[in-house]
Structure formats: structure tokens, C-alpha cells
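Asks: First the structure, which I've put down as C-alpha cells, then a few questions once you've had a look.
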Amino acid sequence: LAGMRVFSRYLELKAALDWLKGNMLPLPNTLAATGYTIVATRLVVLAWQIRRVGSARSLGVGLSASVLLLLSCAAHHLGHALDAGWTNAATSFCGVSSLFGALVVWHLGNPLANAIKCTIDAATYDTLTSLYNRRSAEQRMLELEHSPHPTGIIFLDIDNFKSINDRYGHDGGDKILASTASTIVRQLRRLDIAARWGLGDEFLILLPGCPFREATRIAQQINQAVSADGNCTISAGVSVREKGQSFENVIQIADRALYQAKNGGRDRVASIAP
């Protein structure tokens with residue numbers, strides 16, 4: 001009687017295994033394909049979340065390549081799943097592990113995106129004004145180095161900023177720096193680049209494709225807007241970098257123009273043609 005029971009259990013188990021063999025073998029590959037697709041989707045979301053960061057282009061390329069690779073793996077496993085796929089235990093482990101890993105990546109996606117964005121922002125932007133920092137502005141100059149079009153350059157600073165700090169304290173001075181930066185940005189085009197040049201009150205503005213006269217007009221518009229705010233005034237020097245000129249030399253010319261504006265009484269714009 002006991003032997004018959006064991007034999008009966010054997011037949012039940014065999015029937016279950018036969019059913020699994022005929023119906024469930026695609027499951028491991030389906031899990032793997034699903035896992036790869038989830039990871040690829042999460043990377044797309046991650047790339048979208050950091051899309052506005054200019055210096056993240058290389059990261060974006062890496063993410064795109066990863067997405068393509070993951071989707072190709074997903075297609076590979078899905079093809080095997082449709083054909084009843086691999087049958088060994090390694091495939092089962094691969095499928096379950098892929099799905100588990102995908103869920104982990106999906107769960108960690110937002111913290112990962114935030115960590116990457118914070119790291120890139122710290123390396124790209126000035127924390128006080130939210131403008132580009134000097135290093136990022138220099139990187140943009142390298143990108144514009146081979147442009148055949150002129151690049152307008154405005155070099156400006158806040159008049160008597162030391163007196164402002166002495167009067168309102170450093171916190172008050174920081175607020176005026178941030179407010180002035182916001183006013184500057186509102187006067188610019190979307191393609192223009194505004195940077196805090198160091199840790200003081202100097203700002204550099206790059207105007208891609210902007211000729212000398214238009215760059216001077218924009219500088220005067222910034223000057224008037226800052227004065228209208230009533231918090232402070234600025235002096236600005238303008239020049240234009242033409243094809244073949246180094247940005248370093250043209251910034252020095254704009255710096256000389258800035259000193260002309262300072263010596264002329266402040267709260268004004270001076271320009272030196274290239």
C-alpha cells in the first residue's frame with residue numbers, strides 16, 4: 001500500500017513536470033525580457049530627469065547606449081521565450097535575477113537621478129546665483145571655438161559692491177548678487193550663457209552669433225534693468241570674438257572696456273570693437 005502511494009505521488013509529480021515543460025518553459029526568458037525592459041525604461045526616465053544639464057551630454061550618450069543594449073537583450077530573451085527558450089536551471093536563474101535586479105533599479109531610480117543631478121549641478125552651476133560657474137563657461141567657450149559666427153562678450157560687475165557688503169552684511173550682499181543674476185538672465189536669449197566669474201561680483205556673458213552692435217545693446221538693456229530694480233547698479237564692458245580670435249584675448253578686451261566704464265563714472269556700458 002505504501003509503495004502504491006509513492007508510485008501515485010511519482011505519477012502526479014511527473015504529470016506536473018510534463019505540464020511545466022509544455023507550458024512554463026518560456027517563463028524564465030519572459031522574466032528576463034521583462035527585467036531588461038524595465039531597466040531600459042528606468043534609464044530613459046533617468047536621462048529625461050537630467051536632460052537640462054548641459055555638461056551631461058556624455059552621460060546621456062552612455063545612458064542611450066545602455067538602453068539600446070538592454071533592449072536588444074530583452075528582444076533576445078523574448079525571442080527565446082516565444083520559441084520555448086532554454087530549458088536549464090541557469091536560464092531560470094537568469095530570468096528571476098533579471099526581474100529582481102530590474103525592480104531594484106526601478107526602486108533606486110529617483111535617488112540615483114537626484115544624486116547624479118546634484119553632482120552635475122555642483123560641478124556646473126554657481127550655488128548662490130544658479131548661473132554657470134567659471135569652469136562651465138570656459139567649457140562652453142571651447143564648444144564655440146570653431147564657430148564661424150561672432151560671439152558677443154559682456155564682462156560686468158556690481159558697482160561699489162564692497163560698500164554694499166559693509167552696509168548690509170554678507171547675507172544682504174548675497175541676496176543682491178542673486179537678484180542681479182536673475183535680472184541679467186531675464187534680459188538674455190535662450191541660447192546665451194551667463195556665468196559668475198569666480199566668487200565675487202563679476203559676471204561674464206557669452207552671446208553666440210551676436211554681432212558687436214547687438215551685444216552693446218543687450219549690455220545697455222541689462223544696465224537699465226538692474227538700475228530699475230533699485231538694489232544696485234552695474235558697469236559693463238563689451239567686445240566681440242570673431243572667428244580665429246582666442247576667447248582669452250577678447251575677455252581681456254572686454255575687461256579693459258569694463259574699466260573704462262568704471263573710470264567714466266560707473267553705472268554705464270563701454271565697448272571696444274574687435
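The chains in the C-alpha cells are called A, B, ... from first to last as shown; in each chain the residues are counted from 1, and the ligands are counted from 1 in the order shown.
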Excluding region 221-235 of chain A and its own-chain neighbours fewer than 5 positions away, which residues fall within 12 Å of it when counting only C-alpha atoms? Please give them as a ChimeraX atom specification.

Replies: /A:154-165,168,172-188,194,201-203,205,214-216,254-271

Asks: Name the closest residue to Trp197 (chain A) among the candidates A:Leu144, A:Asn249, A:Glu138, A:Ala273; distances are taken between atoms, counting only C-alpha atoms.

Replies: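 Comparing A:Leu144, A:Asn249, A:Glu138, A:Ala273 against Trp197 (chain A), the winner is A:Glu138.
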
Asks: Quote the spacing between CA of Leu207 (chain A) and CA of Gly152 (chain A) in Å to one decimal place.

Replies: 4.6 Å

Asks: Please identify the strand (DSSP E or B) residues within region 154-212 of chain A (assignment by DSSP from backbone atoms) and present them as a PyMOL selection string.

Replies: chain A and resi 154-158+193-196+202-208

Asks: Convert the current residue selection to file output with N, CA, C and O atoms, as a short mmCIF file (atom, residue, chain, number, x, y, z; two decimals), in the first residue's frame.

Replies:
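Below is the file that was written, out_15.cif:
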```
data_model
loop_
_atom_site.label_atom_id
_atom_site.label_comp_id
_atom_site.auth_asym_id
_atom_site.auth_seq_id
_atom_site.Cartn_x
_atom_site.Cartn_y
_atom_site.Cartn_z
N ILE A 154 30.17 90.11 -22.78
CA ILE A 154 29.91 91.18 -21.82
C ILE A 154 30.56 90.80 -20.50
O ILE A 154 30.32 89.72 -19.97
N PHE A 155 31.40 91.69 -20.00
CA PHE A 155 32.06 91.48 -18.70
C PHE A 155 31.55 92.59 -17.79
O PHE A 155 31.71 93.78 -18.09
N LEU A 156 30.93 92.24 -16.69
CA LEU A 156 30.32 93.27 -15.84
C LEU A 156 30.52 92.94 -14.37
O LEU A 156 30.77 91.79 -13.99
N ASP A 157 30.40 93.95 -13.55
CA ASP A 157 30.37 93.74 -12.10
C ASP A 157 29.47 94.77 -11.45
O ASP A 157 29.01 95.74 -12.07
N ILE A 158 29.19 94.54 -10.16
CA ILE A 158 28.31 95.42 -9.40
C ILE A 158 29.13 96.59 -8.87
O ILE A 158 30.22 96.41 -8.31
N ILE A 193 24.73 82.53 -22.58
CA ILE A 193 25.34 81.87 -21.42
C ILE A 193 25.78 82.95 -20.43
O ILE A 193 26.62 83.80 -20.75
N ALA A 194 25.21 82.91 -19.23
CA ALA A 194 25.60 83.84 -18.16
C ALA A 194 26.32 83.06 -17.07
O ALA A 194 25.85 82.00 -16.63
N ALA A 195 27.46 83.57 -16.64
CA ALA A 195 28.26 82.87 -15.63
C ALA A 195 28.73 83.85 -14.57
O ALA A 195 28.99 85.02 -14.84
N ARG A 196 28.84 83.33 -13.35
CA ARG A 196 29.51 84.08 -12.29
C ARG A 196 30.99 83.78 -12.42
O ARG A 196 31.42 82.64 -12.34
N GLU A 202 31.70 89.62 -10.14
CA GLU A 202 31.92 89.73 -11.58
C GLU A 202 31.11 88.67 -12.33
O GLU A 202 31.01 87.53 -11.89
N PHE A 203 30.57 89.08 -13.47
CA PHE A 203 29.77 88.19 -14.30
C PHE A 203 30.28 88.25 -15.74
O PHE A 203 30.68 89.31 -16.22
N LEU A 204 30.25 87.09 -16.39
CA LEU A 204 30.62 87.01 -17.79
C LEU A 204 29.42 86.49 -18.57
O LEU A 204 28.78 85.52 -18.16
N ILE A 205 29.14 87.13 -19.71
CA ILE A 205 28.02 86.72 -20.55
C ILE A 205 28.54 86.44 -21.96
O ILE A 205 29.24 87.28 -22.55
N LEU A 206 28.22 85.27 -22.47
CA LEU A 206 28.56 84.89 -23.84
C LEU A 206 27.29 84.95 -24.69
O LEU A 206 26.25 84.39 -24.30
N LEU A 207 27.39 85.62 -25.84
CA LEU A 207 26.25 85.80 -26.72
C LEU A 207 26.56 85.18 -28.08
O LEU A 207 27.04 85.85 -28.99
N PRO A 208 26.31 83.88 -28.24
CA PRO A 208 26.64 83.21 -29.50
C PRO A 208 25.90 83.82 -30.69
O PRO A 208 24.70 84.12 -30.62
#
```

Asks: Grab the CA of Gln245 (chain A) to CA of Pro150 (chain A) distance for me, in Å with one decimal place.

Replies: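 Result for CA of Gln245 (chain A) versus CA of Pro150 (chain A): 9.9 Å, one decimal.
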
Asks: Write out as an NGL selection string which residues come within 12 Å of Pro148 (chain A) when counting only C-alpha atoms, dropping same-chain ones fewer than 2 positions away.

Replies: :A and (143-146 or 150-151 or 208-210 or 241-245)

Asks: Let's have the selection written as a CSV table (one decimal), in the first residue's frame, with N, CA and C atoms.

Replies:
```csv
chain,number,residue,atom,x,y,z
A,143,GLU,N,33.5,74.9,-26.8
A,143,GLU,CA,32.5,74.4,-27.8
A,143,GLU,C,32.3,75.5,-28.9
A,144,LEU,N,32.4,76.8,-28.6
A,144,LEU,CA,32.2,77.8,-29.5
A,144,LEU,C,33.5,78.2,-30.3
A,145,GLU,N,34.6,77.5,-30.0
A,145,GLU,CA,35.9,77.9,-30.5
A,145,GLU,C,35.9,77.8,-32.0
A,146,HIS,N,35.2,76.9,-32.6
A,146,HIS,CA,35.3,76.7,-34.1
A,146,HIS,C,34.0,77.2,-34.8
A,150,PRO,N,30.2,85.4,-35.0
A,150,PRO,CA,30.8,86.1,-33.8
A,150,PRO,C,30.1,85.7,-32.5
A,151,THR,N,30.8,85.9,-31.4
A,151,THR,CA,30.3,85.7,-30.1
A,151,THR,C,30.5,87.0,-29.3
A,208,PRO,N,26.3,83.9,-28.2
A,208,PRO,CA,26.6,83.2,-29.5
A,208,PRO,C,25.9,83.8,-30.7
A,209,GLY,N,26.6,84.0,-31.8
A,209,GLY,CA,26.0,84.6,-33.0
A,209,GLY,C,25.6,86.0,-32.9
A,210,CYS,N,26.2,86.7,-32.0
A,210,CYS,CA,25.7,88.1,-31.7
A,210,CYS,C,26.8,89.1,-32.2
A,241,ARG,N,34.1,88.4,-30.0
A,241,ARG,CA,35.1,87.5,-30.5
A,241,ARG,C,34.7,87.1,-31.9
A,242,GLU,N,35.6,87.3,-32.9
A,242,GLU,CA,35.4,86.9,-34.3
A,242,GLU,C,36.2,85.6,-34.5
A,243,LYS,N,35.8,85.0,-35.6
A,243,LYS,CA,36.5,83.7,-35.9
A,243,LYS,C,38.0,83.8,-36.0
A,244,GLY,N,38.7,82.9,-35.3
A,244,GLY,CA,40.1,82.9,-35.3
A,244,GLY,C,40.7,83.6,-34.1
A,245,GLN,N,39.9,84.4,-33.4
A,245,GLN,CA,40.4,85.0,-32.2
A,245,GLN,C,40.3,84.1,-31.0
```

Asks: Hey, which of A:Ser246, A:Gly200, A:Asp166, A:Asp192 ends up closest to Arg134 (chain A)? Count only C-alpha atoms.

Replies: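 Using only C-alpha atoms, Arg134 (chain A) sits closest to A:Gly200.
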
Asks: Record the distance separating CA of His170 (chain A) and CA of Ile251 (chain A), expressed in Å with one decimal.

Replies: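 Straight-line distance from CA of His170 (chain A) to CA of Ile251 (chain A) works out to 28.1 Å.
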
Asks: I need the residues in region 165-228 of chain A that are helix (DSSP H, G or I) according to DSSP; give them as a tab-separated table (two decimals) with all heavy atoms, in the first residue's frame.

Replies:
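Okay, this is what ended up in result.tsv:
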```
chain	number	residue	atom	x	y	z
A	165	ASN	N	28.33	95.28	0.83
A	165	ASN	CA	28.59	94.27	1.87
A	165	ASN	C	28.77	94.90	3.23
A	165	ASN	O	28.30	94.38	4.25
A	165	ASN	CB	29.83	93.45	1.50
A	165	ASN	CG	29.50	92.19	0.72
A	165	ASN	OD1	28.40	91.68	0.80
A	165	ASN	ND2	30.46	91.70	-0.04
A	166	ASP	N	29.49	96.02	3.27
A	166	ASP	CA	29.73	96.70	4.55
A	166	ASP	C	28.41	97.22	5.14
A	166	ASP	O	28.22	97.21	6.36
A	166	ASP	CB	30.70	97.87	4.36
A	166	ASP	CG	32.11	97.40	4.03
A	166	ASP	OD1	32.42	96.21	4.30
A	166	ASP	OD2	32.90	98.20	3.49
A	167	ARG	N	27.52	97.64	4.27
A	167	ARG	CA	26.28	98.26	4.74
A	167	ARG	C	25.23	97.21	5.14
A	167	ARG	O	24.57	97.35	6.18
A	167	ARG	CB	25.70	99.15	3.65
A	167	ARG	CG	24.41	99.86	4.06
A	167	ARG	CD	23.94	100.81	2.97
A	167	ARG	NE	22.72	101.50	3.35
A	167	ARG	CZ	22.09	102.40	2.59
A	167	ARG	NH1	22.58	102.71	1.40
A	167	ARG	NH2	20.97	102.97	3.01
A	168	TYR	N	25.08	96.16	4.31
A	168	TYR	CA	24.01	95.19	4.54
A	168	TYR	C	24.50	93.85	5.08
A	168	TYR	O	23.69	92.97	5.38
A	168	TYR	CB	23.24	94.94	3.23
A	168	TYR	CG	22.57	96.19	2.69
A	168	TYR	CD1	23.08	96.84	1.57
A	168	TYR	CD2	21.43	96.71	3.29
A	168	TYR	CE1	22.47	97.98	1.06
A	168	TYR	CE2	20.81	97.84	2.79
A	168	TYR	CZ	21.34	98.48	1.67
A	168	TYR	OH	20.74	99.60	1.18
A	169	GLY	N	25.81	93.70	5.19
A	169	GLY	CA	26.35	92.42	5.62
A	169	GLY	C	26.46	91.46	4.45
A	169	GLY	O	25.93	91.70	3.37
A	170	HIS	N	27.14	90.35	4.68
A	170	HIS	CA	27.35	89.40	3.59
A	170	HIS	C	26.06	88.74	3.14
A	170	HIS	O	25.90	88.43	1.94
A	170	HIS	CB	28.38	88.34	4.01
A	170	HIS	CG	29.78	88.89	4.09
A	170	HIS	ND1	30.50	89.24	2.98
A	170	HIS	CD2	30.58	89.15	5.15
A	170	HIS	CE1	31.69	89.68	3.33
A	170	HIS	NE2	31.77	89.65	4.65
A	171	ASP	N	25.13	88.53	4.06
A	171	ASP	CA	23.84	87.94	3.66
A	171	ASP	C	23.09	88.89	2.73
A	171	ASP	O	22.53	88.46	1.72
A	171	ASP	CB	22.98	87.63	4.89
A	171	ASP	CG	23.52	86.45	5.68
A	171	ASP	OD1	24.33	85.68	5.12
A	171	ASP	OD2	23.11	86.29	6.85
A	172	GLY	N	23.12	90.17	3.07
A	172	GLY	CA	22.47	91.15	2.21
A	172	GLY	C	23.18	91.24	0.86
A	172	GLY	O	22.52	91.35	-0.18
A	173	GLY	N	24.50	91.17	0.89
A	173	GLY	CA	25.25	91.19	-0.36
A	173	GLY	C	24.94	89.99	-1.23
A	173	GLY	O	24.82	90.10	-2.46
A	174	ASP	N	24.79	88.82	-0.59
A	174	ASP	CA	24.46	87.61	-1.35
A	174	ASP	C	23.08	87.73	-2.00
A	174	ASP	O	22.88	87.28	-3.15
A	174	ASP	CB	24.48	86.39	-0.42
A	174	ASP	CG	25.89	85.97	-0.04
A	174	ASP	OD1	26.85	86.50	-0.65
A	174	ASP	OD2	26.03	85.13	0.87
A	175	LYS	N	22.13	88.31	-1.30
A	175	LYS	CA	20.79	88.49	-1.87
A	175	LYS	C	20.84	89.41	-3.08
A	175	LYS	O	20.15	89.17	-4.09
A	175	LYS	CB	19.84	89.05	-0.81
A	175	LYS	CG	19.48	88.06	0.29
A	175	LYS	CD	18.55	88.69	1.31
A	175	LYS	CE	18.22	87.69	2.43
A	175	LYS	NZ	17.35	88.31	3.48
A	176	ILE	N	21.64	90.45	-3.01
A	176	ILE	CA	21.76	91.37	-4.14
A	176	ILE	C	22.45	90.68	-5.32
A	176	ILE	O	22.07	90.87	-6.48
A	176	ILE	CB	22.50	92.65	-3.72
A	176	ILE	CG1	21.59	93.48	-2.82
A	176	ILE	CG2	22.97	93.45	-4.93
A	176	ILE	CD1	22.21	94.73	-2.26
A	177	LEU	N	23.45	89.85	-5.03
A	177	LEU	CA	24.10	89.08	-6.11
A	177	LEU	C	23.09	88.17	-6.81
A	177	LEU	O	23.03	88.12	-8.04
A	177	LEU	CB	25.24	88.23	-5.54
A	177	LEU	CG	26.59	88.90	-5.34
A	177	LEU	CD1	27.53	87.97	-4.58
A	177	LEU	CD2	27.21	89.27	-6.68
A	178	ALA	N	22.29	87.46	-6.02
A	178	ALA	CA	21.31	86.54	-6.60
A	178	ALA	C	20.24	87.30	-7.38
A	178	ALA	O	19.83	86.88	-8.47
A	178	ALA	CB	20.67	85.70	-5.50
A	179	SER	N	19.80	88.43	-6.83
A	179	SER	CA	18.77	89.23	-7.51
A	179	SER	C	19.31	89.81	-8.82
A	179	SER	O	18.62	89.80	-9.85
A	179	SER	CB	18.32	90.36	-6.58
A	179	SER	OG	17.47	91.26	-7.26
A	180	THR	N	20.56	90.28	-8.79
A	180	THR	CA	21.17	90.83	-10.00
A	180	THR	C	21.32	89.75	-11.07
A	180	THR	O	21.07	89.98	-12.26
A	180	THR	CB	22.55	91.44	-9.68
A	180	THR	OG1	22.37	92.47	-8.69
A	180	THR	CG2	23.20	92.03	-10.92
A	181	ALA	N	21.72	88.55	-10.65
A	181	ALA	CA	21.85	87.44	-11.60
A	181	ALA	C	20.51	87.14	-12.27
A	181	ALA	O	20.45	86.91	-13.48
A	181	ALA	CB	22.38	86.21	-10.88
A	182	SER	N	19.43	87.14	-11.49
A	182	SER	CA	18.10	86.88	-12.06
A	182	SER	C	17.72	87.95	-13.06
A	182	SER	O	17.15	87.66	-14.13
A	182	SER	CB	17.05	86.81	-10.95
A	182	SER	OG	17.31	85.74	-10.08
A	183	THR	N	18.02	89.19	-12.75
A	183	THR	CA	17.72	90.29	-13.67
A	183	THR	C	18.51	90.15	-14.96
A	183	THR	O	17.99	90.39	-16.05
A	183	THR	CB	18.03	91.64	-13.00
A	183	THR	OG1	17.25	91.76	-11.80
A	183	THR	CG2	17.71	92.81	-13.92
A	184	ILE	N	19.78	89.77	-14.84
A	184	ILE	CA	20.62	89.58	-16.03
A	184	ILE	C	20.02	88.52	-16.94
A	184	ILE	O	19.88	88.72	-18.15
A	184	ILE	CB	22.05	89.18	-15.61
A	184	ILE	CG1	22.77	90.37	-14.96
A	184	ILE	CG2	22.85	88.68	-16.81
A	184	ILE	CD1	24.09	90.01	-14.33
A	185	VAL	N	19.64	87.39	-16.36
A	185	VAL	CA	19.12	86.27	-17.15
A	185	VAL	C	17.84	86.66	-17.89
A	185	VAL	O	17.62	86.25	-19.04
A	185	VAL	CB	18.88	85.05	-16.25
A	185	VAL	CG1	18.13	83.95	-17.00
A	185	VAL	CG2	20.21	84.50	-15.74
A	186	ARG	N	17.02	87.48	-17.27
A	186	ARG	CA	15.75	87.88	-17.89
A	186	ARG	C	15.96	88.72	-19.15
A	186	ARG	O	15.07	88.81	-20.00
A	186	ARG	CB	14.88	88.64	-16.90
A	186	ARG	CG	14.26	87.76	-15.83
A	186	ARG	CD	13.11	88.47	-15.14
A	186	ARG	NE	13.53	89.66	-14.43
A	186	ARG	CZ	13.93	89.67	-13.16
A	186	ARG	NH1	13.97	88.54	-12.47
A	186	ARG	NH2	14.29	90.80	-12.59
A	212	PHE	N	28.71	92.92	-32.79
A	212	PHE	CA	29.17	93.93	-31.82
A	212	PHE	C	28.04	94.88	-31.40
A	212	PHE	O	27.83	95.11	-30.20
A	212	PHE	CB	30.33	94.70	-32.43
A	212	PHE	CG	30.89	95.77	-31.54
A	212	PHE	CD1	31.62	95.44	-30.41
A	212	PHE	CD2	30.67	97.11	-31.83
A	212	PHE	CE1	32.14	96.43	-29.58
A	212	PHE	CE2	31.20	98.10	-31.01
A	212	PHE	CZ	31.93	97.76	-29.88
A	213	ARG	N	27.33	95.42	-32.37
A	213	ARG	CA	26.31	96.42	-32.04
A	213	ARG	C	25.18	95.82	-31.20
A	213	ARG	O	24.70	96.42	-30.23
A	213	ARG	CB	25.74	97.02	-33.33
A	213	ARG	CG	24.76	98.17	-33.10
A	213	ARG	CD	24.39	98.86	-34.41
A	213	ARG	NE	25.57	99.50	-35.00
A	213	ARG	CZ	25.54	100.18	-36.14
A	213	ARG	NH1	24.41	100.28	-36.83
A	213	ARG	NH2	26.63	100.74	-36.61
A	214	GLU	N	24.76	94.60	-31.53
A	214	GLU	CA	23.70	93.94	-30.77
A	214	GLU	C	24.17	93.58	-29.36
A	214	GLU	O	23.41	93.69	-28.39
A	214	GLU	CB	23.24	92.68	-31.52
A	214	GLU	CG	22.17	91.87	-30.82
A	214	GLU	CD	20.84	92.59	-30.67
A	214	GLU	OE1	20.67	93.67	-31.28
A	214	GLU	OE2	19.98	92.10	-29.93
A	215	ALA	N	25.43	93.17	-29.23
A	215	ALA	CA	25.97	92.86	-27.90
A	215	ALA	C	25.97	94.10	-27.02
A	215	ALA	O	25.64	94.04	-25.82
A	215	ALA	CB	27.38	92.29	-28.03
A	216	THR	N	26.32	95.25	-27.62
A	216	THR	CA	26.30	96.50	-26.86
A	216	THR	C	24.89	96.86	-26.43
A	216	THR	O	24.65	97.30	-25.30
A	216	THR	CB	26.89	97.64	-27.71
A	216	THR	OG1	28.24	97.30	-28.08
A	216	THR	CG2	26.91	98.94	-26.94
A	217	ARG	N	23.92	96.65	-27.33
A	217	ARG	CA	22.53	96.94	-26.99
A	217	ARG	C	22.05	96.06	-25.82
A	217	ARG	O	21.38	96.55	-24.90
A	217	ARG	CB	21.63	96.71	-28.21
A	217	ARG	CG	20.18	97.12	-27.97
A	217	ARG	CD	19.26	96.53	-29.02
A	217	ARG	NE	19.18	95.07	-28.92
A	217	ARG	CZ	18.45	94.44	-28.00
A	217	ARG	NH1	17.76	95.11	-27.09
A	217	ARG	NH2	18.42	93.11	-27.98
A	218	ILE	N	22.41	94.79	-25.84
A	218	ILE	CA	22.00	93.89	-24.76
A	218	ILE	C	22.64	94.32	-23.44
A	218	ILE	O	21.99	94.30	-22.38
A	218	ILE	CB	22.37	92.44	-25.11
A	218	ILE	CG1	21.52	91.93	-26.27
A	218	ILE	CG2	22.19	91.51	-23.89
A	218	ILE	CD1	21.90	90.56	-26.79
A	219	ALA	N	23.90	94.72	-23.48
A	219	ALA	CA	24.57	95.19	-22.26
A	219	ALA	C	23.88	96.42	-21.70
A	219	ALA	O	23.69	96.55	-20.48
A	219	ALA	CB	26.04	95.48	-22.56
A	220	GLN	N	23.49	97.34	-22.57
A	220	GLN	CA	22.78	98.54	-22.12
A	220	GLN	C	21.42	98.19	-21.53
A	220	GLN	O	20.97	98.78	-20.54
A	220	GLN	CB	22.63	99.52	-23.28
A	220	GLN	CG	23.95	100.14	-23.73
A	220	GLN	CD	23.85	100.92	-25.02
A	220	GLN	OE1	22.89	100.73	-25.80
A	220	GLN	NE2	24.83	101.78	-25.28
A	221	GLN	N	20.77	97.19	-22.12
A	221	GLN	CA	19.47	96.74	-21.60
A	221	GLN	C	19.63	96.14	-20.21
A	221	GLN	O	18.80	96.38	-19.31
A	221	GLN	CB	18.89	95.70	-22.57
A	221	GLN	CG	17.54	95.16	-22.18
A	221	GLN	CD	17.00	94.21	-23.25
A	221	GLN	OE1	17.02	94.52	-24.44
A	221	GLN	NE2	16.54	93.05	-22.82
A	222	ILE	N	20.70	95.36	-20.01
A	222	ILE	CA	20.97	94.79	-18.68
A	222	ILE	C	21.23	95.91	-17.69
A	222	ILE	O	20.71	95.90	-16.56
A	222	ILE	CB	22.16	93.83	-18.75
A	222	ILE	CG1	21.80	92.58	-19.56
A	222	ILE	CG2	22.62	93.43	-17.35
A	222	ILE	CD1	22.98	91.68	-19.85
A	223	ASN	N	22.04	96.87	-18.07
A	223	ASN	CA	22.37	98.00	-17.20
A	223	ASN	C	21.11	98.74	-16.74
A	223	ASN	O	20.94	99.04	-15.55
A	223	ASN	CB	23.32	98.94	-17.94
A	223	ASN	CG	23.59	100.23	-17.18
A	223	ASN	OD1	22.94	101.24	-17.44
A	223	ASN	ND2	24.53	100.20	-16.25
A	224	GLN	N	20.20	99.00	-17.67
A	224	GLN	CA	18.98	99.72	-17.34
A	224	GLN	C	18.06	98.88	-16.46
A	224	GLN	O	17.44	99.41	-15.52
A	224	GLN	CB	18.26	100.11	-18.64
A	224	GLN	CG	19.01	101.13	-19.47
A	224	GLN	CD	18.46	101.27	-20.88
A	224	GLN	OE1	17.43	100.69	-21.22
A	224	GLN	NE2	19.14	102.06	-21.71
A	225	ALA	N	17.99	97.59	-16.73
A	225	ALA	CA	17.11	96.71	-15.92
A	225	ALA	C	17.60	96.61	-14.49
A	225	ALA	O	16.79	96.64	-13.55
A	225	ALA	CB	17.04	95.34	-16.58
A	226	VAL	N	18.92	96.47	-14.31
A	226	VAL	CA	19.47	96.38	-12.95
A	226	VAL	C	19.24	97.69	-12.20
A	226	VAL	O	18.86	97.70	-11.01
A	226	VAL	CB	20.96	96.01	-12.99
A	226	VAL	CG1	21.58	96.10	-11.59
A	226	VAL	CG2	21.16	94.61	-13.55
A	227	SER	N	19.45	98.80	-12.87
A	227	SER	CA	19.23	100.11	-12.23
A	227	SER	C	17.77	100.28	-11.83
A	227	SER	O	17.46	100.82	-10.77
A	227	SER	CB	19.65	101.24	-13.18
A	227	SER	OG	21.03	101.19	-13.44
A	228	ALA	N	16.86	99.78	-12.70
A	228	ALA	CA	15.43	99.91	-12.42
A	228	ALA	C	15.02	99.10	-11.19
A	228	ALA	O	14.06	99.47	-10.50
A	228	ALA	CB	14.62	99.47	-13.64
```
